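Have a look at coords-v9.pdb; it's PDB, C-alpha atoms:
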```
ATOM      1  CA  MET A  21    -116.070-179.946-129.312
ATOM      2  CA  ALA A  22    -119.404-181.625-129.766
ATOM      3  CA  GLY A  23    -122.244-180.659-132.059
ATOM      4  CA  LYS A  24    -122.841-177.952-134.577
ATOM      5  CA  LEU A  25    -121.814-174.380-133.846
ATOM      6  CA  TYR A  26    -122.855-171.299-135.733
ATOM      7  CA  LEU A  27    -122.428-167.549-135.595
ATOM      8  CA  THR A  28    -125.575-165.504-135.288
ATOM      9  CA  LYS A  29    -126.209-161.812-135.088
ATOM     10  CA  PRO A  30    -127.443-160.749-131.655
ATOM     11  CA  CYS A  31    -131.192-161.207-131.386
ATOM     12  CA  ALA A  32    -134.041-160.826-128.897
ATOM     13  CA  GLU A  33    -134.775-164.580-129.002
ATOM     14  CA  LEU A  34    -131.499-165.240-127.156
ATOM     15  CA  GLN A  35    -131.931-162.517-124.522
ATOM     16  CA  ALA A  36    -132.051-164.801-121.457
ATOM     17  CA  GLU A  37    -129.125-166.844-122.746
ATOM     18  CA  TYR A  38    -127.087-163.731-123.471
ATOM     19  CA  ILE A  39    -127.769-162.294-119.990
ATOM     20  CA  SER A  40    -126.522-165.609-118.561
ATOM     21  CA  PHE A  41    -123.404-165.391-120.774
ATOM     22  CA  TYR A  42    -122.763-161.788-119.660
ATOM     23  CA  GLU A  43    -123.337-162.495-115.964
ATOM     24  CA  GLU A  44    -121.081-165.558-115.970
ATOM     25  CA  TRP A  45    -118.283-163.462-117.424
ATOM     26  CA  LYS A  46    -118.838-160.587-114.964
ATOM     27  CA  GLU A  47    -118.837-163.029-112.024
ATOM     28  CA  SER A  48    -115.558-164.577-113.212
ATOM     29  CA  GLY A  49    -113.759-161.267-112.639
ATOM     30  CA  GLU A  50    -111.773-161.813-115.833
ATOM     31  CA  PRO A  51    -111.311-159.133-118.467
ATOM     32  CA  ILE A  52    -114.200-159.340-120.942
ATOM     33  CA  VAL A  53    -113.330-159.898-124.593
ATOM     34  CA  PRO A  54    -114.502-158.635-126.985
ATOM     35  CA  TRP A  55    -115.196-155.256-125.463
ATOM     36  CA  VAL A  56    -118.874-155.154-126.541
ATOM     37  CA  VAL A  57    -119.659-158.034-124.162
ATOM     38  CA  GLY A  58    -118.679-155.771-121.271
ATOM     39  CA  ARG A  59    -121.465-153.340-122.108
ATOM     40  CA  GLU A  60    -124.381-153.838-119.722
ATOM     41  CA  PRO A  61    -127.237-155.571-121.579
ATOM     42  CA  TYR A  62    -130.128-155.318-119.078
ATOM     43  CA  ASP A  63    -132.027-152.912-121.328
ATOM     44  CA  PHE A  64    -131.762-155.542-124.019
ATOM     45  CA  SER A  65    -133.564-153.706-126.786
ATOM     46  CA  ALA A  66    -131.223-150.734-126.278
ATOM     47  CA  TYR A  67    -128.248-153.113-126.304
ATOM     48  CA  LEU A  68    -129.360-154.663-129.597
ATOM     49  CA  GLU A  69    -130.006-151.204-131.040
ATOM     50  CA  PHE A  70    -126.487-150.158-130.015
ATOM     51  CA  LEU A  71    -124.948-153.199-131.732
ATOM     52  CA  VAL A  72    -126.908-152.632-134.952
ATOM     53  CA  GLY A  73    -125.998-148.935-134.938
ATOM     54  CA  GLU A  74    -122.300-149.667-134.524
ATOM     55  CA  SER A  75    -122.235-151.601-137.789
ATOM     56  CA  SER A  76    -123.148-148.526-139.824
ATOM     57  CA  GLU A  77    -120.734-145.744-140.721
ATOM     58  CA  GLU A  78    -123.274-142.926-140.382
ATOM     59  CA  ASN A  79    -124.019-143.746-136.728
ATOM     60  CA  LEU A  80    -120.437-143.534-135.511
ATOM     61  CA  PRO A  81    -118.485-140.615-134.092
ATOM     62  CA  ASP A  82    -115.340-139.446-135.873
ATOM     63  CA  GLY A  83    -112.421-141.790-135.387
ATOM     64  CA  TYR A  84    -114.557-144.918-135.036
ATOM     65  CA  VAL A  85    -114.981-147.657-137.601
ATOM     66  CA  PRO A  86    -118.031-149.810-138.265
ATOM     67  CA  HIS A  87    -117.978-153.206-136.589
ATOM     68  CA  SER A  88    -120.277-156.201-136.300
ATOM     69  CA  THR A  89    -120.824-158.518-133.367
ATOM     70  CA  TYR A  90    -121.839-162.165-133.567
ATOM     71  CA  TRP A  91    -122.513-164.842-130.975
ATOM     72  CA  LEU A  92    -121.240-168.405-131.262
ATOM     73  CA  VAL A  93    -124.180-170.660-130.428
ATOM     74  CA  ASN A  94    -124.286-174.434-129.978
ATOM     75  CA  GLU A  95    -127.056-176.921-130.765
ATOM     76  CA  GLU A  96    -128.678-176.328-127.367
ATOM     77  CA  GLN A  97    -128.931-172.592-128.157
ATOM     78  CA  ARG A  98    -126.249-171.831-125.538
ATOM     79  CA  ILE A  99    -124.045-168.859-126.312
ATOM     80  CA  VAL A 100    -120.485-170.121-125.912
ATOM     81  CA  GLY A 101    -118.620-167.121-127.323
ATOM     82  CA  ALA A 102    -118.759-163.719-128.955
ATOM     83  CA  VAL A 103    -116.762-162.086-131.723
ATOM     84  CA  ASN A 104    -116.452-158.479-132.836
ATOM     85  CA  ILE A 105    -115.315-157.828-136.408
ATOM     86  CA  ARG A 106    -114.010-154.410-137.415
ATOM     87  CA  HIS A 107    -114.876-153.626-141.041
ATOM     88  CA  ARG A 108    -111.614-151.730-141.518
ATOM     89  CA  LEU A 109    -108.730-150.481-139.430
ATOM     90  CA  ASN A 110    -107.921-146.990-138.221
ATOM     91  CA  GLU A 111    -104.476-146.171-136.832
ATOM     92  CA  ARG A 112    -105.267-147.324-133.285
ATOM     93  CA  LEU A 113    -106.910-150.591-134.389
ATOM     94  CA  ARG A 114    -104.023-151.264-136.779
ATOM     95  CA  LYS A 115    -101.569-150.844-133.933
ATOM     96  CA  TYR A 116    -103.310-152.473-130.958
ATOM     97  CA  SER A 117    -106.555-154.330-131.763
ATOM     98  CA  GLY A 118    -106.785-155.731-135.270
ATOM     99  CA  HIS A 119    -109.824-156.779-137.264
ATOM    100  CA  ILE A 120    -111.181-159.452-134.924
ATOM    101  CA  GLY A 121    -111.673-159.665-131.172
ATOM    102  CA  TYR A 122    -113.202-162.833-129.744
ATOM    103  CA  GLY A 123    -113.858-164.436-126.392
ATOM    104  CA  ILE A 124    -115.216-167.706-125.073
ATOM    105  CA  ARG A 125    -117.524-168.033-122.075
ATOM    106  CA  PRO A 126    -115.362-168.956-119.034
ATOM    107  CA  SER A 127    -117.136-172.297-118.411
ATOM    108  CA  GLU A 128    -116.797-173.316-122.086
ATOM    109  CA  ARG A 129    -113.062-172.895-122.634
ATOM    110  CA  ARG A 130    -110.622-175.585-123.754
ATOM    111  CA  LYS A 131    -113.234-177.227-125.971
ATOM    112  CA  GLY A 132    -112.077-175.924-129.374
ATOM    113  CA  TYR A 133    -114.622-173.091-129.490
ATOM    114  CA  ALA A 134    -112.011-170.341-129.930
ATOM    115  CA  THR A 135    -110.605-172.015-133.038
ATOM    116  CA  GLU A 136    -114.125-172.370-134.426
ATOM    117  CA  ILE A 137    -115.229-168.798-133.657
ATOM    118  CA  LEU A 138    -112.131-167.381-135.332
ATOM    119  CA  ALA A 139    -112.570-169.664-138.378
ATOM    120  CA  GLN A 140    -116.181-168.570-138.790
ATOM    121  CA  ALA A 141    -115.258-164.904-138.229
ATOM    122  CA  LEU A 142    -112.667-165.202-141.006
ATOM    123  CA  ASN A 143    -115.442-166.284-143.353
ATOM    124  CA  ILE A 144    -117.245-163.045-142.515
ATOM    125  CA  THR A 145    -114.123-160.923-143.093
ATOM    126  CA  SER A 146    -113.857-162.568-146.520
ATOM    127  CA  GLU A 147    -117.480-161.608-147.236
ATOM    128  CA  LEU A 148    -116.551-158.035-146.241
ATOM    129  CA  GLY A 149    -113.666-158.115-148.733
ATOM    130  CA  ILE A 150    -110.987-158.191-146.033
ATOM    131  CA  ASN A 151    -108.392-160.685-147.199
ATOM    132  CA  GLU A 152    -105.480-159.561-145.027
ATOM    133  CA  VAL A 153    -106.788-159.959-141.474
ATOM    134  CA  LEU A 154    -104.911-158.655-138.441
ATOM    135  CA  VAL A 155    -105.482-160.577-135.208
ATOM    136  CA  ILE A 156    -103.759-159.588-131.976
ATOM    137  CA  CYS A 157    -103.355-161.297-128.593
ATOM    138  CA  ASP A 158    -101.568-160.553-125.348
ATOM    139  CA  TYR A 159     -98.022-161.910-125.192
ATOM    140  CA  ASP A 160     -98.873-164.308-122.370
ATOM    141  CA  ASN A 161    -102.121-165.615-123.893
ATOM    142  CA  VAL A 162    -100.696-168.876-125.206
ATOM    143  CA  ALA A 163    -104.138-170.363-125.923
ATOM    144  CA  SER A 164    -105.118-167.409-128.115
ATOM    145  CA  GLU A 165    -101.821-167.526-129.970
ATOM    146  CA  LYS A 166    -102.383-171.236-130.710
ATOM    147  CA  THR A 167    -105.905-170.439-131.937
ATOM    148  CA  ILE A 168    -104.609-167.723-134.251
ATOM    149  CA  ARG A 169    -101.848-169.958-135.615
ATOM    150  CA  LYS A 170    -104.337-172.841-136.194
ATOM    151  CA  ASN A 171    -106.305-170.430-138.376
ATOM    152  CA  GLY A 172    -103.261-169.523-140.481
ATOM    153  CA  GLY A 173    -101.891-166.640-138.430
ATOM    154  CA  VAL A 174     -98.357-165.597-139.309
ATOM    155  CA  PHE A 175     -96.468-163.737-136.580
ATOM    156  CA  GLU A 176     -95.489-160.191-137.526
ATOM    157  CA  ALA A 177     -94.201-158.449-134.403
ATOM    158  CA  GLU A 178     -94.586-157.658-130.737
ATOM    159  CA  CYS A 179     -95.318-154.221-129.367
ATOM    160  CA  THR A 180     -96.461-152.625-126.129
ATOM    161  CA  ASP A 181     -99.905-151.016-125.927
ATOM    162  CA  ASP A 182    -100.797-147.822-124.051
ATOM    163  CA  ASP A 183    -101.421-149.814-120.846
ATOM    164  CA  GLY A 184     -97.963-151.400-120.946
ATOM    165  CA  VAL A 185     -99.251-154.786-122.113
ATOM    166  CA  VAL A 186     -97.020-156.603-124.590
ATOM    167  CA  ILE A 187     -99.102-157.809-127.532
ATOM    168  CA  ARG A 188     -98.347-160.122-130.424
ATOM    169  CA  ARG A 189     -99.537-159.281-133.951
ATOM    170  CA  PHE A 190    -100.503-161.924-136.526
ATOM    171  CA  TRP A 191    -101.730-161.667-140.104
ATOM    172  CA  ILE A 192    -104.053-164.202-141.690
ATOM    173  CA  THR A 193    -104.216-164.092-145.486
ATOM    174  CA  ARG A 194    -107.428-165.290-147.079
ATOM    175  CA  PRO A 195    -107.950-166.055-150.764
ATOM    176  CA  SER A 196    -109.667-163.279-152.717
TER     177      SER A 196
END
```

Mind turning the file's structure into structure tokens?
Amino acid sequence: MAGKLYLTKPCAELQAEYISFYEEWKESGEPIVPWVVGREPYDFSAYLEFLVGESSEENLPDGYVPHSTYWLVNEEQRIVGAVNIRHRLNERLRKYSGHIGYGIRPSERRKGYATEILAQALNITSELGINEVLVICDYDNVASEKTIRKNGGVFEAECTDDDGVVIRRFWITRPS
């Protein structure tokens, strides 16, 4: 991994870069993670408004929790990943999704970006007062499991989600 990486809140200045990020992922045919990246961004101001609104309790329907999205950007202002941080867990998130969902642009994988995006996301969970962080990956996603373990993840259990996918649950404890 070369150069400085930082998390930034989604912004209009990175619109063209984000559209490129989104389109690359769509063209790959792979499942898009985190889920907010799969939301069509062509009306970019509406997309940004959606993301801002989702971070506030009063804008959400019953059963939803506030969450924040950040982009991992390199020195060249290229978006290499995205992370979605849930501010708390409801029953479904506690069972199947956890506090943090992250994904790395298909052309930028195997460069250490996943480890970095999770490390920086953990700093944000600490700022939110979340010191016991649940991170979940699919059973067969060995790379994600390694990333979680590198960031202090301790395996808790396996379970099967509603789609029949076996998932692995990890807890990362952060100092208060």

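When CA of Val186 (chain A) is paired with CA of Val153 (chain A), their separation reads 19.8 Å.
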
* Asked: On this structure, which residues satisfy the PyMOL selection byres ((chain A and resi 45) around 12), written as a ChimeraX atom specification?
  -> /A:38-44,46-55,57-60,99-102,123-129

Those residues with C-alpha atoms, as a CSV table (one decimal), in the frame of the given file please?
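File written: result-v5.csv
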```
chain,number,residue,atom,x,y,z
A,38,TYR,CA,-127.1,-163.7,-123.5
A,39,ILE,CA,-127.8,-162.3,-120.0
A,40,SER,CA,-126.5,-165.6,-118.6
A,41,PHE,CA,-123.4,-165.4,-120.8
A,42,TYR,CA,-122.8,-161.8,-119.7
A,43,GLU,CA,-123.3,-162.5,-116.0
A,44,GLU,CA,-121.1,-165.6,-116.0
A,46,LYS,CA,-118.8,-160.6,-115.0
A,47,GLU,CA,-118.8,-163.0,-112.0
A,48,SER,CA,-115.6,-164.6,-113.2
A,49,GLY,CA,-113.8,-161.3,-112.6
A,50,GLU,CA,-111.8,-161.8,-115.8
A,51,PRO,CA,-111.3,-159.1,-118.5
A,52,ILE,CA,-114.2,-159.3,-120.9
A,53,VAL,CA,-113.3,-159.9,-124.6
A,54,PRO,CA,-114.5,-158.6,-127.0
A,55,TRP,CA,-115.2,-155.3,-125.5
A,57,VAL,CA,-119.7,-158.0,-124.2
A,58,GLY,CA,-118.7,-155.8,-121.3
A,59,ARG,CA,-121.5,-153.3,-122.1
A,60,GLU,CA,-124.4,-153.8,-119.7
A,99,ILE,CA,-124.0,-168.9,-126.3
A,100,VAL,CA,-120.5,-170.1,-125.9
A,101,GLY,CA,-118.6,-167.1,-127.3
A,102,ALA,CA,-118.8,-163.7,-129.0
A,123,GLY,CA,-113.9,-164.4,-126.4
A,124,ILE,CA,-115.2,-167.7,-125.1
A,125,ARG,CA,-117.5,-168.0,-122.1
A,126,PRO,CA,-115.4,-169.0,-119.0
A,127,SER,CA,-117.1,-172.3,-118.4
A,128,GLU,CA,-116.8,-173.3,-122.1
A,129,ARG,CA,-113.1,-172.9,-122.6
```

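Every protein or nucleic acid residue with an atom no more than 12 Å from Gly149 (chain A), counting all atoms listed in the file and leaving out same-chain residues fewer than 6 positions away, appears here: Arg106, His107, Arg108, Leu142, Asn143, Thr193, Arg194, Pro195 and Ser196 of chain A.
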
* Residues within 7 Å of Glu95 (chain A), only C-alpha atoms, excluding chain neighbours under 2 positions, as a VMD selection string -> chain A and resid 23 to 25 93 97

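With all atoms listed in the file as the basis for measurement, A:Arg130 is the residue among A:Arg130, A:Ile187, A:Asp182, A:Glu147 that approaches Ala163 (chain A) most closely.
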
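Near (-92.2, -153.0, -132.7), the residues inside the 10 Å limit, counting only C-alpha atoms, come to Lys115, Glu176, Ala177, Glu178, Cys179, Thr180, Ile187, Arg188 and Arg189 of chain A.
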
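Those residues returned by the PyMOL selection byres ((chain A and resi 72-80) around 12) for this file are Lys29, Pro30, Cys31, Val56, Ser65, Ala66, Tyr67, Leu68, Glu69, Phe70, Leu71, Pro81, Asp82, Gly83, Tyr84, Val85, Pro86, His87, Ser88, Thr89, Tyr90, Asn104, Ile105, Arg106, His107 and Arg108 of chain A.
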
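The interatomic distance for the pair CA of Asn171 (chain A) and CA of Glu111 (chain A) works out to 24.4 Å.
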
Would you fill the gaps in region 128-139 of chain A so it has all heavy atoms, then print it as an mmCIF file, in the frame of the given file?
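And here's part.cif as it stands now:
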```
data_model
loop_
_atom_site.group_PDB
_atom_site.id
_atom_site.type_symbol
_atom_site.label_atom_id
_atom_site.label_comp_id
_atom_site.auth_asym_id
_atom_site.auth_seq_id
_atom_site.Cartn_x
_atom_site.Cartn_y
_atom_site.Cartn_z
ATOM 1 N N GLU A 128 -116.809 -172.567 -120.819
ATOM 2 C CA GLU A 128 -116.797 -173.316 -122.086
ATOM 3 C C GLU A 128 -115.423 -173.338 -122.754
ATOM 4 O O GLU A 128 -115.309 -173.731 -123.912
ATOM 5 C CB GLU A 128 -117.836 -172.735 -123.047
ATOM 6 C CG GLU A 128 -119.263 -172.853 -122.560
ATOM 7 C CD GLU A 128 -119.773 -174.290 -122.526
ATOM 8 O OE1 GLU A 128 -119.152 -175.182 -123.138
ATOM 9 O OE2 GLU A 128 -120.805 -174.515 -121.868
ATOM 10 N N ARG A 129 -114.393 -172.943 -122.033
ATOM 11 C CA ARG A 129 -113.062 -172.895 -122.634
ATOM 12 C C ARG A 129 -112.434 -174.285 -122.717
ATOM 13 O O ARG A 129 -112.867 -175.212 -122.070
ATOM 14 C CB ARG A 129 -112.182 -171.950 -121.824
ATOM 15 C CG ARG A 129 -112.711 -170.534 -121.934
ATOM 16 C CD ARG A 129 -111.774 -169.516 -121.376
ATOM 17 N NE ARG A 129 -112.432 -168.220 -121.436
ATOM 18 C CZ ARG A 129 -112.367 -167.325 -120.470
ATOM 19 N NH1 ARG A 129 -111.650 -167.549 -119.393
ATOM 20 N NH2 ARG A 129 -112.996 -166.186 -120.597
ATOM 21 N N ARG A 130 -111.397 -174.362 -123.532
ATOM 22 C CA ARG A 130 -110.622 -175.585 -123.754
ATOM 23 C C ARG A 130 -111.459 -176.695 -124.407
ATOM 24 O O ARG A 130 -111.257 -177.873 -124.146
ATOM 25 C CB ARG A 130 -109.986 -176.083 -122.457
ATOM 26 C CG ARG A 130 -109.068 -175.046 -121.817
ATOM 27 C CD ARG A 130 -108.110 -175.647 -120.860
ATOM 28 N NE ARG A 130 -107.324 -174.760 -120.062
ATOM 29 C CZ ARG A 130 -106.596 -173.729 -120.450
ATOM 30 N NH1 ARG A 130 -106.570 -173.380 -121.705
ATOM 31 N NH2 ARG A 130 -105.881 -173.014 -119.608
ATOM 32 N N LYS A 131 -112.388 -176.273 -125.253
ATOM 33 C CA LYS A 131 -113.234 -177.227 -125.971
ATOM 34 C C LYS A 131 -113.151 -177.022 -127.484
ATOM 35 O O LYS A 131 -113.932 -177.604 -128.232
ATOM 36 C CB LYS A 131 -114.688 -177.085 -125.517
ATOM 37 C CG LYS A 131 -114.889 -177.404 -124.046
ATOM 38 C CD LYS A 131 -116.332 -177.207 -123.633
ATOM 39 C CE LYS A 131 -116.508 -177.493 -122.147
ATOM 40 N NZ LYS A 131 -117.908 -177.277 -121.727
ATOM 41 N N GLY A 132 -112.229 -176.173 -127.944
ATOM 42 C CA GLY A 132 -112.077 -175.924 -129.374
ATOM 43 C C GLY A 132 -112.957 -174.803 -129.904
ATOM 44 O O GLY A 132 -112.945 -174.516 -131.101
ATOM 45 N N TYR A 133 -113.706 -174.135 -129.039
ATOM 46 C CA TYR A 133 -114.622 -173.091 -129.490
ATOM 47 C C TYR A 133 -113.889 -171.864 -130.035
ATOM 48 O O TYR A 133 -114.370 -171.225 -130.967
ATOM 49 C CB TYR A 133 -115.567 -172.665 -128.374
ATOM 50 C CG TYR A 133 -116.536 -173.743 -127.933
ATOM 51 C CD1 TYR A 133 -116.913 -173.860 -126.611
ATOM 52 C CD2 TYR A 133 -117.083 -174.647 -128.841
ATOM 53 C CE1 TYR A 133 -117.812 -174.829 -126.195
ATOM 54 C CE2 TYR A 133 -117.973 -175.620 -128.440
ATOM 55 C CZ TYR A 133 -118.330 -175.709 -127.114
ATOM 56 O OH TYR A 133 -119.224 -176.676 -126.721
ATOM 57 N N ALA A 134 -112.745 -171.520 -129.454
ATOM 58 C CA ALA A 134 -112.011 -170.341 -129.930
ATOM 59 C C ALA A 134 -111.556 -170.545 -131.370
ATOM 60 O O ALA A 134 -111.695 -169.640 -132.208
ATOM 61 C CB ALA A 134 -110.825 -170.042 -129.023
ATOM 62 N N THR A 135 -111.038 -171.729 -131.669
ATOM 63 C CA THR A 135 -110.605 -172.015 -133.038
ATOM 64 C C THR A 135 -111.784 -171.896 -133.996
ATOM 65 O O THR A 135 -111.671 -171.324 -135.081
ATOM 66 C CB THR A 135 -109.971 -173.416 -133.112
ATOM 67 O OG1 THR A 135 -108.831 -173.439 -132.237
ATOM 68 C CG2 THR A 135 -109.535 -173.762 -134.519
ATOM 69 N N GLU A 136 -112.933 -172.406 -133.583
ATOM 70 C CA GLU A 136 -114.125 -172.370 -134.426
ATOM 71 C C GLU A 136 -114.664 -170.945 -134.605
ATOM 72 O O GLU A 136 -115.038 -170.551 -135.706
ATOM 73 C CB GLU A 136 -115.218 -173.274 -133.841
ATOM 74 C CG GLU A 136 -116.454 -173.353 -134.686
ATOM 75 C CD GLU A 136 -116.254 -173.996 -136.046
ATOM 76 O OE1 GLU A 136 -115.285 -174.757 -136.239
ATOM 77 O OE2 GLU A 136 -117.087 -173.742 -136.939
ATOM 78 N N ILE A 137 -114.688 -170.159 -133.535
ATOM 79 C CA ILE A 137 -115.229 -168.798 -133.657
ATOM 80 C C ILE A 137 -114.340 -167.960 -134.569
ATOM 81 O O ILE A 137 -114.841 -167.195 -135.390
ATOM 82 C CB ILE A 137 -115.462 -168.138 -132.280
ATOM 83 C CG1 ILE A 137 -116.457 -166.972 -132.396
ATOM 84 C CG2 ILE A 137 -114.167 -167.656 -131.648
ATOM 85 C CD1 ILE A 137 -116.929 -166.423 -131.058
ATOM 86 N N LEU A 138 -113.024 -168.134 -134.461
ATOM 87 C CA LEU A 138 -112.131 -167.381 -135.332
ATOM 88 C C LEU A 138 -112.282 -167.849 -136.777
ATOM 89 O O LEU A 138 -112.340 -167.023 -137.696
ATOM 90 C CB LEU A 138 -110.678 -167.490 -134.865
ATOM 91 C CG LEU A 138 -109.658 -166.714 -135.691
ATOM 92 C CD1 LEU A 138 -110.029 -165.232 -135.822
ATOM 93 C CD2 LEU A 138 -108.263 -166.863 -135.089
ATOM 94 N N ALA A 139 -112.394 -169.149 -137.009
ATOM 95 C CA ALA A 139 -112.570 -169.664 -138.378
ATOM 96 C C ALA A 139 -113.843 -169.092 -138.998
ATOM 97 O O ALA A 139 -113.830 -168.643 -140.156
ATOM 98 C CB ALA A 139 -112.616 -171.187 -138.365
#
```
